[in-house]
Amino acid sequence: MSKTYYDPADLKKFTNISEWNEELGQKFFDYYGKVFEEGALSAREKSLIALAVAHVVKCPYCIDAYTKDGLQRGITKEEMMEAVHAGAAIESGATLVHGVQMMNKYNKLSM
Amino acid sequence: MLKKSLKQRKSELANTQRQLDVLSNGIFQNNELPTFASTLKNINAHPLQPNTVEILQINLGYMCNQVCAHCHVDAGPDRKEIMTKATMQQCLDVLKKSEIHTLDLTGGAPEMNPNFRWFVEEAHKIGVNDFIVRSNLTIIIANKKYNDLPEFFKKHNIHVVSSMPHWTRNKTDQQRGEGVFNASIEALKKLNNVGYGTKESNLKLDLVYNPSGAFLPGDQNSLELDFKKALYDDFGIEFHQLFAITNLPISRFLDYLLASENYEDYMYTLVEAFNPKAVDNVMCKNTISVGWDGFLYDCDFNQMLNLKLKGPMVHIKDFDEELLKNRTIQIAQHCYGCTAGAGSSCQGSVV
């Protein structure tokens with residue numbers, strides 16, 4: 001069996017991080033739980049935001065978790081893919097907007 | 001898409017003992033996950049004891065016009081097991097003498113039993129507070145002889161409970177077969193037209209949601225709001241409640257879990273979501289399931305695993321409420337499906 005840095009089984013062990021620092025671990029999981037409660041944004045909307053961010057930060061655990069979460073909430077695959085594109089658009093936009101810096105520098109250095 | 005039952009395909013999972021073996025071996029045998037019995041022992045709920053029986057759920061036969069991918073009954077057009085009129089009479093005799101307040105007819109498609117209408121008429125005469133028929137909807141428009149079912153249901157004040165896995169065509173057809181969504185919408189409109197499911201109506205129309213895959217149902221109330229909005233906005237359809245039901249890892253759903261290599265993850269999900277509060281309200285506490293041949297079970301799922309009632313009384317002809325109270329409920333790892341999250345029963349969430 002090939003070894004990889006990521007093991008899907010590790011997602012189930014996420015809460016184990018509290019074993020080596022209970023106070024901070026607990027604070028994190030309390031915060032995390034609170035963030036995803038119904039609020040000014042619905043839990044459904046937050047789930048789609050989380051899915052988009054999961055792709056942008058390229059977290060395979062988060063992608064698994066929020067795809068499953070979306071299915072449980074009845075979110076359709078069309079909605080999920082649009083969320084991924086929203087994330088990807090911001091990420092590629094963030095790259096491309098640096099093109100202005102490149103253009104500025106080019107122009108400055110050119111006669 | 002499936003066209004045949006496991007039985008017709010001669011799948012090894014058509015053997016219920018094989019299913020029980022799968023549910024007891026592997027991750028449960030090597031203690032990677034606790035068995036349902038040991039989980040109940042941890043909360044002092046073992047052995048599982050029933051309360052008074054309030055609901056009689058009768059399976060009128062495994063024949064169905066659909067072959068749904070997740071079906072725990074392994075129902076389909078090729079299944080010939082059908083309850084006889086004599087067994088139906090035995091059920092009516094029990095209804096007359098017992099305190100049971102809810103009658104719940106299921107299948108297969110219960111309407112396909114040739115004595116279905118006779119049975120409904122007779123049971124209606126006896127009178128129960130809540131008389132449920134679990135209709136798959138498409139049967140109503142499958143054949144001319146079923147077209148008048150909405151009027152028939154209305155005449156006998158039937159509480160109609162129907163499956164609808166999603167408010168979109170793709171998701172519904174993926175689970176229940178090509179064309180099922182359109183047919184279901186048409187049937188729901190017919191039910192609405194005779195007064196079922198509308199806001200102030202006493203003609204109860206509830207929908208059942210099963211996830212179409214290896215995941216748990218989300219919050220029942222949120223799903224109900226989404227279903228109501230989508231079905232009303234898109235089709236002008238109304239209904240009363242949505243029951244979110246967890247798929248139990250048996251029969252065709254177990255077959256799917258194994259084939260898609262989702263079995264272990266799904267069992268992990270169920271075990272991790274175990275909710276002790278759901279144990280108090282699991283449906284086997286107040287329900288008795290009657291098989292097409294009159295044998296008794298703690299629930300419809302145990303019926304499909306052929307886990308007969310424990311004790312001296314195994315058949316409807318010997319029905320005795322006192323004996324029922326003193327039995328212990330048969331359990332195995334599939335029971336985690338009814339205790340996960342908000343719990344699951346034929347009436348939806350239990351917590």
# chains A, B, ... in the order shown; residues from 1 in each chain; ligands from 1
call {"tool": "residues_around", "arguments": {"residues": "Ser162 in chain B", "least_positions_apart": "2", "cutoff": "12 Å", "atoms": "only C-alpha atoms", "output": "PDB file with N, CA and C atoms, in the first residue's frame"}}
result
ATOM      1  N   LEU B 105     -50.000   0.668   6.858  1.00  0.00           N
ATOM      2  CA  LEU B 105     -49.877  -0.335   5.787  1.00  0.00           C
ATOM      3  C   LEU B 105     -48.705   0.003   4.877  1.00  0.00           C
ATOM      4  N   THR B 106     -47.882  -1.003   4.664  1.00  0.00           N
ATOM      5  CA  THR B 106     -46.703  -0.781   3.839  1.00  0.00           C
ATOM      6  C   THR B 106     -46.475  -1.957   2.911  1.00  0.00           C
ATOM      7  N   ALA B 109     -45.576  -2.064  -2.783  1.00  0.00           N
ATOM      8  CA  ALA B 109     -46.669  -1.111  -2.960  1.00  0.00           C
ATOM      9  C   ALA B 109     -47.911  -1.804  -2.389  1.00  0.00           C
ATOM     10  N   PRO B 110     -48.379  -1.372  -1.208  1.00  0.00           N
ATOM     11  CA  PRO B 110     -49.499  -2.091  -0.579  1.00  0.00           C
ATOM     12  C   PRO B 110     -50.737  -2.148  -1.463  1.00  0.00           C
ATOM     13  N   ILE B 132     -52.622   4.846   8.346  1.00  0.00           N
ATOM     14  CA  ILE B 132     -51.590   5.257   7.377  1.00  0.00           C
ATOM     15  C   ILE B 132     -51.493   4.261   6.227  1.00  0.00           C
ATOM     16  N   VAL B 133     -51.384   4.794   5.009  1.00  0.00           N
ATOM     17  CA  VAL B 133     -50.975   3.954   3.869  1.00  0.00           C
ATOM     18  C   VAL B 133     -49.698   4.571   3.310  1.00  0.00           C
ATOM     19  N   ARG B 134     -48.648   3.752   3.233  1.00  0.00           N
ATOM     20  CA  ARG B 134     -47.382   4.223   2.658  1.00  0.00           C
ATOM     21  C   ARG B 134     -47.430   3.982   1.159  1.00  0.00           C
ATOM     22  N   SER B 135     -47.696   5.056   0.428  1.00  0.00           N
ATOM     23  CA  SER B 135     -47.874   4.952  -1.013  1.00  0.00           C
ATOM     24  C   SER B 135     -46.651   5.508  -1.718  1.00  0.00           C
ATOM     25  N   ASN B 136     -46.177   4.791  -2.724  1.00  0.00           N
ATOM     26  CA  ASN B 136     -44.981   5.282  -3.434  1.00  0.00           C
ATOM     27  C   ASN B 136     -45.330   6.360  -4.467  1.00  0.00           C
ATOM     28  N   LEU B 137     -46.576   6.791  -4.523  1.00  0.00           N
ATOM     29  CA  LEU B 137     -47.086   7.842  -5.420  1.00  0.00           C
ATOM     30  C   LEU B 137     -47.243   7.370  -6.860  1.00  0.00           C
ATOM     31  N   THR B 138     -46.179   6.808  -7.457  1.00  0.00           N
ATOM     32  CA  THR B 138     -46.253   6.483  -8.892  1.00  0.00           C
ATOM     33  C   THR B 138     -47.317   5.426  -9.169  1.00  0.00           C
ATOM     34  N   ILE B 139     -47.642   4.615  -8.163  1.00  0.00           N
ATOM     35  CA  ILE B 139     -48.655   3.565  -8.353  1.00  0.00           C
ATOM     36  C   ILE B 139     -49.993   4.194  -8.754  1.00  0.00           C
ATOM     37  N   ILE B 140     -50.239   5.417  -8.262  1.00  0.00           N
ATOM     38  CA  ILE B 140     -51.516   6.082  -8.523  1.00  0.00           C
ATOM     39  C   ILE B 140     -51.733   6.317 -10.028  1.00  0.00           C
ATOM     40  N   HIS B 159     -54.439   8.427   6.017  1.00  0.00           N
ATOM     41  CA  HIS B 159     -53.283   9.323   6.159  1.00  0.00           C
ATOM     42  C   HIS B 159     -52.229   8.819   5.171  1.00  0.00           C
ATOM     43  N   VAL B 160     -51.979   9.597   4.129  1.00  0.00           N
ATOM     44  CA  VAL B 160     -51.060   9.146   3.073  1.00  0.00           C
ATOM     45  C   VAL B 160     -49.633   9.602   3.399  1.00  0.00           C
ATOM     46  N   MET B 164     -40.324  10.731  -1.214  1.00  0.00           N
ATOM     47  CA  MET B 164     -39.882  11.769  -2.150  1.00  0.00           C
ATOM     48  C   MET B 164     -38.454  12.127  -1.754  1.00  0.00           C
ATOM     49  N   PRO B 165     -37.450  11.526  -2.400  1.00  0.00           N
ATOM     50  CA  PRO B 165     -36.082  11.736  -1.924  1.00  0.00           C
ATOM     51  C   PRO B 165     -35.514  13.135  -2.165  1.00  0.00           C
ATOM     52  N   SER B 184     -44.368  11.158  -9.724  1.00  0.00           N
ATOM     53  CA  SER B 184     -44.665  11.519  -8.331  1.00  0.00           C
ATOM     54  C   SER B 184     -45.318  12.894  -8.254  1.00  0.00           C
ATOM     55  N   ILE B 185     -44.816  13.830  -9.065  1.00  0.00           N
ATOM     56  CA  ILE B 185     -45.381  15.182  -9.083  1.00  0.00           C
ATOM     57  C   ILE B 185     -46.847  15.120  -9.536  1.00  0.00           C
ATOM     58  N   ALA B 187     -48.863  12.597  -9.303  1.00  0.00           N
ATOM     59  CA  ALA B 187     -49.664  11.958  -8.249  1.00  0.00           C
ATOM     60  C   ALA B 187     -49.915  12.922  -7.093  1.00  0.00           C
ATOM     61  N   LEU B 188     -48.910  13.698  -6.726  1.00  0.00           N
ATOM     62  CA  LEU B 188     -49.087  14.666  -5.633  1.00  0.00           C
ATOM     63  C   LEU B 188     -50.142  15.707  -5.996  1.00  0.00           C
ATOM     64  N   LEU B 191     -53.487  14.205  -5.485  1.00  0.00           N
ATOM     65  CA  LEU B 191     -53.822  14.152  -4.056  1.00  0.00           C
ATOM     66  C   LEU B 191     -54.224  15.540  -3.554  1.00  0.00           C
ATOM     67  N   TYR B 196     -55.969  16.576  -0.229  1.00  0.00           N
ATOM     68  CA  TYR B 196     -54.852  16.090   0.592  1.00  0.00           C
ATOM     69  C   TYR B 196     -53.730  17.115   0.682  1.00  0.00           C
ATOM     70  N   GLY B 197     -53.211  17.309   1.904  1.00  0.00           N
ATOM     71  CA  GLY B 197     -51.976  18.069   2.095  1.00  0.00           C
ATOM     72  C   GLY B 197     -52.121  19.569   2.118  1.00  0.00           C
ATOM     73  N   LYS B 204     -54.472  14.089   5.748  1.00  0.00           N
ATOM     74  CA  LYS B 204     -53.028  14.225   5.973  1.00  0.00           C
ATOM     75  C   LYS B 204     -52.204  13.645   4.824  1.00  0.00           C
ATOM     76  N   LEU B 205     -51.285  14.463   4.356  1.00  0.00           N
ATOM     77  CA  LEU B 205     -50.326  14.019   3.335  1.00  0.00           C
ATOM     78  C   LEU B 205     -48.924  14.395   3.814  1.00  0.00           C
ATOM     79  N   ASP B 206     -48.142  13.378   4.170  1.00  0.00           N
ATOM     80  CA  ASP B 206     -46.767  13.606   4.615  1.00  0.00           C
ATOM     81  C   ASP B 206     -45.804  12.979   3.616  1.00  0.00           C
ATOM     82  N   LEU B 207     -44.633  13.546   3.532  1.00  0.00           N
ATOM     83  CA  LEU B 207     -43.611  12.998   2.631  1.00  0.00           C
ATOM     84  C   LEU B 207     -42.458  12.404   3.436  1.00  0.00           C
ATOM     85  N   VAL B 208     -41.852  11.384   2.861  1.00  0.00           N
ATOM     86  CA  VAL B 208     -40.689  10.747   3.474  1.00  0.00           C
ATOM     87  C   VAL B 208     -39.464  11.074   2.634  1.00  0.00           C
ATOM     88  N   TYR B 209     -38.429  11.543   3.328  1.00  0.00           N
ATOM     89  CA  TYR B 209     -37.162  11.816   2.645  1.00  0.00           C
ATOM     90  C   TYR B 209     -36.117  10.799   3.107  1.00  0.00           C
ATOM     91  N   ASN B 210     -35.535  10.086   2.152  1.00  0.00           N
ATOM     92  CA  ASN B 210     -34.378   9.220   2.422  1.00  0.00           C
ATOM     93  C   ASN B 210     -33.198   9.810   1.670  1.00  0.00           C
ATOM     94  N   PHE B 239     -47.920  19.932   1.056  1.00  0.00           N
ATOM     95  CA  PHE B 239     -47.996  18.730   1.895  1.00  0.00           C
ATOM     96  C   PHE B 239     -47.860  19.177   3.341  1.00  0.00           C
ATOM     97  N   HIS B 240     -48.082  18.254   4.274  1.00  0.00           N
ATOM     98  CA  HIS B 240     -48.041  18.643   5.683  1.00  0.00           C
ATOM     99  C   HIS B 240     -46.636  18.526   6.270  1.00  0.00           C
ATOM    100  N   GLN B 241     -46.213  17.305   6.597  1.00  0.00           N
ATOM    101  CA  GLN B 241     -44.914  17.158   7.260  1.00  0.00           C
ATOM    102  C   GLN B 241     -43.933  16.394   6.395  1.00  0.00           C
ATOM    103  N   LEU B 242     -42.656  16.624   6.648  1.00  0.00           N
ATOM    104  CA  LEU B 242     -41.618  15.810   6.004  1.00  0.00           C
ATOM    105  C   LEU B 242     -40.987  14.927   7.080  1.00  0.00           C
ATOM    106  N   PHE B 243     -40.912  13.625   6.809  1.00  0.00           N
ATOM    107  CA  PHE B 243     -40.214  12.710   7.716  1.00  0.00           C
ATOM    108  C   PHE B 243     -38.845  12.404   7.119  1.00  0.00           C
ATOM    109  N   ALA B 244     -37.792  12.757   7.825  1.00  0.00           N
ATOM    110  CA  ALA B 244     -36.434  12.435   7.354  1.00  0.00           C
ATOM    111  C   ALA B 244     -36.030  11.088   7.946  1.00  0.00           C
ATOM    112  N   CYS B 346     -40.266   5.337  11.226  1.00  0.00           N
ATOM    113  CA  CYS B 346     -41.182   5.502  10.098  1.00  0.00           C
ATOM    114  C   CYS B 346     -41.949   6.821  10.201  1.00  0.00           C
ATOM    115  N   GLN B 347     -41.873   7.466  11.369  1.00  0.00           N
ATOM    116  CA  GLN B 347     -42.481   8.795  11.530  1.00  0.00           C
ATOM    117  C   GLN B 347     -41.399   9.876  11.546  1.00  0.00           C
TER     118      GLN B 347
END
call {"tool": "residues_around", "arguments": {"residues": "range 75-80 of chain A", "least_positions_apart": "3", "cutoff": "12 Å", "atoms": "only C-alpha atoms", "output": "MDAnalysis selection string"}}
result
(chainID A and resid 43:55 63 66:72 83:87) or (chainID B and resid 166:172 211:212 217:218 222:223 226:227)
call {"tool": "atom_distance", "arguments": {"atom1": "CA of Ile245 in chain B", "atom2": "CA of Pro276 in chain B"}}
result
17.5 Å
call {"tool": "select_by_dssp", "arguments": {"residues": "range 42-288 of chain B", "states": "strand (DSSP E or B)", "output": "JSON, numbers by chain"}}
result
{"B": [55, 56, 57, 58, 59, 61, 63, 76, 82, 102, 103, 104, 105, 106, 130, 131, 132, 133, 134, 135, 159, 160, 161, 162, 163, 205, 206, 207, 208, 209, 242, 243, 244, 274, 287, 288]}
call {"tool": "write_last_selection", "arguments": {"atoms": "N, CA and C atoms", "output": "CSV table (one decimal), in the first residue's frame"}}
result
chain,number,residue,atom,x,y,z
B,55,ILE,N,-48.7,0.9,17.6
B,55,ILE,CA,-48.8,0.9,16.1
B,55,ILE,C,-48.7,-0.5,15.6
B,56,LEU,N,-49.6,-0.8,14.7
B,56,LEU,CA,-49.5,-2.1,14.0
B,56,LEU,C,-49.1,-1.8,12.6
B,57,GLN,N,-47.9,-2.2,12.2
B,57,GLN,CA,-47.4,-1.9,10.8
B,57,GLN,C,-47.5,-3.2,10.0
B,58,ILE,N,-48.3,-3.2,9.0
B,58,ILE,CA,-48.5,-4.5,8.3
B,58,ILE,C,-47.9,-4.4,6.9
B,59,ASN,N,-47.1,-5.3,6.6
B,59,ASN,CA,-46.5,-5.4,5.2
B,59,ASN,C,-47.4,-6.3,4.3
B,61,GLY,N,-47.1,-7.1,1.3
B,61,GLY,CA,-46.4,-7.8,0.2
B,61,GLY,C,-45.3,-7.1,-0.3
B,63,MET,N,-44.3,-7.0,-3.5
B,63,MET,CA,-44.5,-6.6,-4.9
B,63,MET,C,-44.5,-5.1,-5.0
B,76,GLY,N,-40.0,-5.2,-5.6
B,76,GLY,CA,-40.0,-5.0,-7.1
B,76,GLY,C,-41.1,-5.8,-7.7
B,82,ILE,N,-47.1,-12.1,-1.1
B,82,ILE,CA,-48.3,-11.2,-0.9
B,82,ILE,C,-49.1,-11.7,0.2
B,102,THR,N,-52.9,3.1,15.9
B,102,THR,CA,-52.4,3.4,14.6
B,102,THR,C,-52.2,2.2,13.8
B,103,LEU,N,-52.7,2.3,12.6
B,103,LEU,CA,-52.5,1.2,11.6
B,103,LEU,C,-51.7,1.7,10.5
B,104,ASP,N,-50.7,1.0,10.1
B,104,ASP,CA,-49.7,1.5,9.1
B,104,ASP,C,-49.5,0.4,8.1
B,105,LEU,N,-50.0,0.7,6.9
B,105,LEU,CA,-49.9,-0.3,5.8
B,105,LEU,C,-48.7,0.0,4.9
B,106,THR,N,-47.9,-1.0,4.7
B,106,THR,CA,-46.7,-0.8,3.8
B,106,THR,C,-46.5,-2.0,2.9
B,130,ASP,N,-55.4,6.7,13.6
B,130,ASP,CA,-54.5,7.2,12.5
B,130,ASP,C,-54.3,5.9,11.6
B,131,PHE,N,-54.8,6.1,10.4
B,131,PHE,CA,-54.8,4.9,9.5
B,131,PHE,C,-53.9,5.4,8.3
B,132,ILE,N,-52.6,4.8,8.3
B,132,ILE,CA,-51.6,5.3,7.4
B,132,ILE,C,-51.5,4.3,6.2
B,133,VAL,N,-51.4,4.8,5.0
B,133,VAL,CA,-51.0,4.0,3.9
B,133,VAL,C,-49.7,4.6,3.3
B,134,ARG,N,-48.6,3.8,3.2
B,134,ARG,CA,-47.4,4.2,2.7
B,134,ARG,C,-47.4,4.0,1.2
B,135,SER,N,-47.7,5.1,0.4
B,135,SER,CA,-47.9,5.0,-1.0
B,135,SER,C,-46.7,5.5,-1.7
B,159,HIS,N,-54.4,8.4,6.0
B,159,HIS,CA,-53.3,9.3,6.2
B,159,HIS,C,-52.2,8.8,5.2
B,160,VAL,N,-52.0,9.6,4.1
B,160,VAL,CA,-51.1,9.1,3.1
B,160,VAL,C,-49.6,9.6,3.4
B,161,VAL,N,-48.7,8.6,3.4
B,161,VAL,CA,-47.3,8.9,3.6
B,161,VAL,C,-46.5,8.4,2.4
B,162,SER,N,-45.9,9.4,1.7
B,162,SER,CA,-45.2,9.0,0.4
B,162,SER,C,-43.8,9.4,0.4
B,163,SER,N,-43.0,8.6,-0.3
B,163,SER,CA,-41.6,8.8,-0.5
B,163,SER,C,-41.3,9.9,-1.5
B,205,LEU,N,-51.3,14.5,4.4
B,205,LEU,CA,-50.3,14.0,3.3
B,205,LEU,C,-48.9,14.4,3.8
B,206,ASP,N,-48.1,13.4,4.2
B,206,ASP,CA,-46.8,13.6,4.6
B,206,ASP,C,-45.8,13.0,3.6
B,207,LEU,N,-44.6,13.5,3.5
B,207,LEU,CA,-43.6,13.0,2.6
B,207,LEU,C,-42.5,12.4,3.4
B,208,VAL,N,-41.9,11.4,2.9
B,208,VAL,CA,-40.7,10.7,3.5
B,208,VAL,C,-39.5,11.1,2.6
B,209,TYR,N,-38.4,11.5,3.3
B,209,TYR,CA,-37.2,11.8,2.6
B,209,TYR,C,-36.1,10.8,3.1
B,242,LEU,N,-42.7,16.6,6.6
B,242,LEU,CA,-41.6,15.8,6.0
B,242,LEU,C,-41.0,14.9,7.1
B,243,PHE,N,-40.9,13.6,6.8
B,243,PHE,CA,-40.2,12.7,7.7
B,243,PHE,C,-38.8,12.4,7.1
B,244,ALA,N,-37.8,12.8,7.8
B,244,ALA,CA,-36.4,12.4,7.4
B,244,ALA,C,-36.0,11.1,7.9
B,274,PHE,N,-24.3,8.1,17.3
B,274,PHE,CA,-25.3,7.5,18.2
B,274,PHE,C,-25.8,8.5,19.2
B,287,THR,N,-44.1,-0.3,18.3
B,287,THR,CA,-44.6,-0.8,17.0
B,287,THR,C,-44.4,-2.3,16.9
B,288,ILE,N,-45.4,-3.0,16.3
B,288,ILE,CA,-45.2,-4.4,15.9
B,288,ILE,C,-45.3,-4.4,14.4
call {"tool": "atom_distance", "arguments": {"atom1": "CA of Val67 in chain B", "atom2": "CA of Ala214 in chain B"}}
result
18.2 Å
call {"tool": "select_by_dssp", "arguments": {"residues": "chain A", "states": "alpha helix (DSSP H)", "output": "PDB file with C-alpha atoms, in the first residue's frame"}}
result
ATOM      1  CA  GLU A  22      -6.975  20.792  25.941  1.00  0.00           C
ATOM      2  CA  GLU A  23      -7.639  24.472  26.575  1.00  0.00           C
ATOM      3  CA  LEU A  24      -6.832  25.705  23.076  1.00  0.00           C
ATOM      4  CA  GLY A  25      -8.370  22.642  21.447  1.00  0.00           C
ATOM      5  CA  GLN A  26     -11.600  23.177  23.343  1.00  0.00           C
ATOM      6  CA  LYS A  27     -11.680  26.887  22.516  1.00  0.00           C
ATOM      7  CA  PHE A  28     -11.174  26.105  18.844  1.00  0.00           C
ATOM      8  CA  PHE A  29     -13.940  23.496  18.661  1.00  0.00           C
ATOM      9  CA  ASP A  30     -16.354  25.718  20.615  1.00  0.00           C
ATOM     10  CA  TYR A  31     -15.608  28.574  18.226  1.00  0.00           C
ATOM     11  CA  TYR A  32     -15.922  26.291  15.186  1.00  0.00           C
ATOM     12  CA  GLY A  33     -19.308  24.973  16.338  1.00  0.00           C
ATOM     13  CA  LYS A  34     -20.600  28.469  17.044  1.00  0.00           C
ATOM     14  CA  VAL A  35     -19.501  29.784  13.647  1.00  0.00           C
ATOM     15  CA  ALA A  43     -26.231  27.115   8.238  1.00  0.00           C
ATOM     16  CA  ARG A  44     -26.855  26.060   4.633  1.00  0.00           C
ATOM     17  CA  GLU A  45     -25.172  29.207   3.249  1.00  0.00           C
ATOM     18  CA  LYS A  46     -22.251  28.754   5.622  1.00  0.00           C
ATOM     19  CA  SER A  47     -21.857  25.169   4.467  1.00  0.00           C
ATOM     20  CA  LEU A  48     -21.459  26.364   0.855  1.00  0.00           C
ATOM     21  CA  ILE A  49     -18.966  29.058   1.909  1.00  0.00           C
ATOM     22  CA  ALA A  50     -17.002  26.402   3.816  1.00  0.00           C
ATOM     23  CA  LEU A  51     -16.985  24.185   0.722  1.00  0.00           C
ATOM     24  CA  ALA A  52     -15.632  27.008  -1.442  1.00  0.00           C
ATOM     25  CA  VAL A  53     -12.935  27.900   1.103  1.00  0.00           C
ATOM     26  CA  ALA A  54     -12.048  24.218   1.497  1.00  0.00           C
ATOM     27  CA  HIS A  55     -11.115  24.186  -2.179  1.00  0.00           C
ATOM     28  CA  VAL A  56      -9.205  27.439  -2.027  1.00  0.00           C
ATOM     29  CA  PRO A  60      -8.907  17.377   1.356  1.00  0.00           C
ATOM     30  CA  TYR A  61     -10.392  16.702   4.794  1.00  0.00           C
ATOM     31  CA  CYS A  62     -12.570  19.816   4.539  1.00  0.00           C
ATOM     32  CA  ILE A  63     -13.647  18.965   0.982  1.00  0.00           C
ATOM     33  CA  ASP A  64     -14.814  15.511   2.125  1.00  0.00           C
ATOM     34  CA  ALA A  65     -16.508  16.942   5.196  1.00  0.00           C
ATOM     35  CA  TYR A  66     -18.379  19.763   3.445  1.00  0.00           C
ATOM     36  CA  THR A  67     -19.410  17.705   0.431  1.00  0.00           C
ATOM     37  CA  LYS A  68     -21.031  15.262   2.847  1.00  0.00           C
ATOM     38  CA  ASP A  69     -22.466  18.133   4.888  1.00  0.00           C
ATOM     39  CA  GLY A  70     -23.959  19.632   1.727  1.00  0.00           C
ATOM     40  CA  LEU A  71     -25.538  16.324   0.713  1.00  0.00           C
ATOM     41  CA  GLN A  72     -27.099  16.022   4.163  1.00  0.00           C
ATOM     42  CA  LYS A  77     -24.334  19.359  -7.034  1.00  0.00           C
ATOM     43  CA  GLU A  78     -25.024  22.422  -9.195  1.00  0.00           C
ATOM     44  CA  GLU A  79     -24.959  24.637  -6.094  1.00  0.00           C
ATOM     45  CA  MET A  80     -21.790  22.946  -4.861  1.00  0.00           C
ATOM     46  CA  MET A  81     -19.963  23.422  -8.162  1.00  0.00           C
ATOM     47  CA  GLU A  82     -20.988  27.085  -8.335  1.00  0.00           C
ATOM     48  CA  ALA A  83     -19.568  27.564  -4.839  1.00  0.00           C
ATOM     49  CA  VAL A  84     -16.288  25.956  -5.934  1.00  0.00           C
ATOM     50  CA  HIS A  85     -16.165  28.293  -8.953  1.00  0.00           C
ATOM     51  CA  ALA A  86     -16.798  31.295  -6.715  1.00  0.00           C
ATOM     52  CA  GLY A  87     -13.792  30.263  -4.631  1.00  0.00           C
ATOM     53  CA  ALA A  88     -11.700  29.528  -7.702  1.00  0.00           C
ATOM     54  CA  ALA A  89     -12.612  32.878  -9.286  1.00  0.00           C
ATOM     55  CA  ILE A  90     -11.431  34.784  -6.225  1.00  0.00           C
ATOM     56  CA  GLU A  91      -8.269  32.704  -6.072  1.00  0.00           C
ATOM     57  CA  SER A  92      -7.440  33.188  -9.746  1.00  0.00           C
ATOM     58  CA  GLY A  93      -8.448  36.851  -9.502  1.00  0.00           C
ATOM     59  CA  ALA A  94      -6.013  37.242  -6.631  1.00  0.00           C
ATOM     60  CA  THR A  95      -3.289  35.882  -8.885  1.00  0.00           C
ATOM     61  CA  LEU A  96      -4.281  37.923 -11.906  1.00  0.00           C
ATOM     62  CA  VAL A  97      -4.642  41.220 -10.058  1.00  0.00           C
ATOM     63  CA  HIS A  98      -0.889  40.933  -9.390  1.00  0.00           C
ATOM     64  CA  GLY A  99      -0.597  41.278 -13.149  1.00  0.00           C
ATOM     65  CA  VAL A 100      -1.110  44.997 -12.566  1.00  0.00           C
ATOM     66  CA  GLN A 101       1.988  45.025 -10.373  1.00  0.00           C
ATOM     67  CA  MET A 102       3.844  43.211 -13.140  1.00  0.00           C
ATOM     68  CA  MET A 103       2.620  45.780 -15.686  1.00  0.00           C
ATOM     69  CA  ASN A 104       3.603  48.674 -13.399  1.00  0.00           C
ATOM     70  CA  LYS A 105       7.074  47.270 -12.915  1.00  0.00           C
ATOM     71  CA  TYR A 106       7.436  46.499 -16.618  1.00  0.00           C
ATOM     72  CA  ASN A 107       6.427  50.007 -17.580  1.00  0.00           C
ATOM     73  CA  LYS A 108       8.683  51.568 -14.965  1.00  0.00           C
ATOM     74  CA  LEU A 109      11.695  49.645 -16.146  1.00  0.00           C
TER      75      LEU A 109
END
call {"tool": "closest_residue", "arguments": {"among": "B:Asp265, B:Leu33, B:Gln8, B:Asn44", "to": "Pro8 in chain A", "atoms": "only C-alpha atoms"}}
result
B:Asp265
call {"tool": "atom_distance", "arguments": {"atom1": "CA of Val194 in chain B", "atom2": "CA of Pro150 in chain B"}}
result
6.8 Å
call {"tool": "residues_around", "arguments": {"residues": "Ser38 in chain B", "least_positions_apart": "2", "cutoff": "12 Å", "atoms": "only C-alpha atoms", "output": "list in words"}}
result
Phe28, Asn31, Leu33, Pro34, Thr35, Phe36, Leu40, Lys41, Asn42, Ile43, Asn44, Ala45, His46, Pro47, Leu48, Val271, Ile331, Ala332, Gln333 and Tyr336 of chain B
call {"tool": "write_last_selection", "arguments": {"atoms": "C-alpha atoms", "output": "PDB file, in the first residue's frame"}}
result
ATOM      1  CA  PHE B  28     -17.537  -5.027  14.640  1.00  0.00           C
ATOM      2  CA  ASN B  31     -13.710  -4.235  18.091  1.00  0.00           C
ATOM      3  CA  LEU B  33     -16.448  -0.273  16.431  1.00  0.00           C
ATOM      4  CA  PRO B  34     -18.659  -1.315  19.365  1.00  0.00           C
ATOM      5  CA  THR B  35     -21.609  -3.592  18.659  1.00  0.00           C
ATOM      6  CA  PHE B  36     -25.058  -2.084  19.184  1.00  0.00           C
ATOM      7  CA  LEU B  40     -26.739  -0.067  24.788  1.00  0.00           C
ATOM      8  CA  LYS B  41     -25.013  -1.702  27.786  1.00  0.00           C
ATOM      9  CA  ASN B  42     -22.934   1.456  28.251  1.00  0.00           C
ATOM     10  CA  ILE B  43     -26.092   3.489  28.765  1.00  0.00           C
ATOM     11  CA  ASN B  44     -27.871   0.772  30.777  1.00  0.00           C
ATOM     12  CA  ALA B  45     -30.427   0.195  28.044  1.00  0.00           C
ATOM     13  CA  HIS B  46     -29.663  -3.454  27.355  1.00  0.00           C
ATOM     14  CA  PRO B  47     -31.660  -5.578  26.786  1.00  0.00           C
ATOM     15  CA  LEU B  48     -33.956  -3.249  24.873  1.00  0.00           C
ATOM     16  CA  VAL B 271     -21.899   4.802  15.349  1.00  0.00           C
ATOM     17  CA  ILE B 331     -31.073  -6.030  17.853  1.00  0.00           C
ATOM     18  CA  ALA B 332     -28.025  -6.035  15.579  1.00  0.00           C
ATOM     19  CA  GLN B 333     -25.722  -3.386  14.146  1.00  0.00           C
ATOM     20  CA  TYR B 336     -27.528   2.160  14.771  1.00  0.00           C
TER      21      TYR B 336
END
call {"tool": "residues_around", "arguments": {"residues": "range 324-328 of chain B", "least_positions_apart": "6", "cutoff": "7 Å", "atoms": "only C-alpha atoms", "output": "PyMOL selection string"}}
result
chain B and resi 47-52+310-311
call {"tool": "residues_around", "arguments": {"residues": "Ile316 in chain B", "least_positions_apart": "4", "cutoff": "9 Å", "atoms": "only C-alpha atoms", "output": "count of residues only"}}
result
9
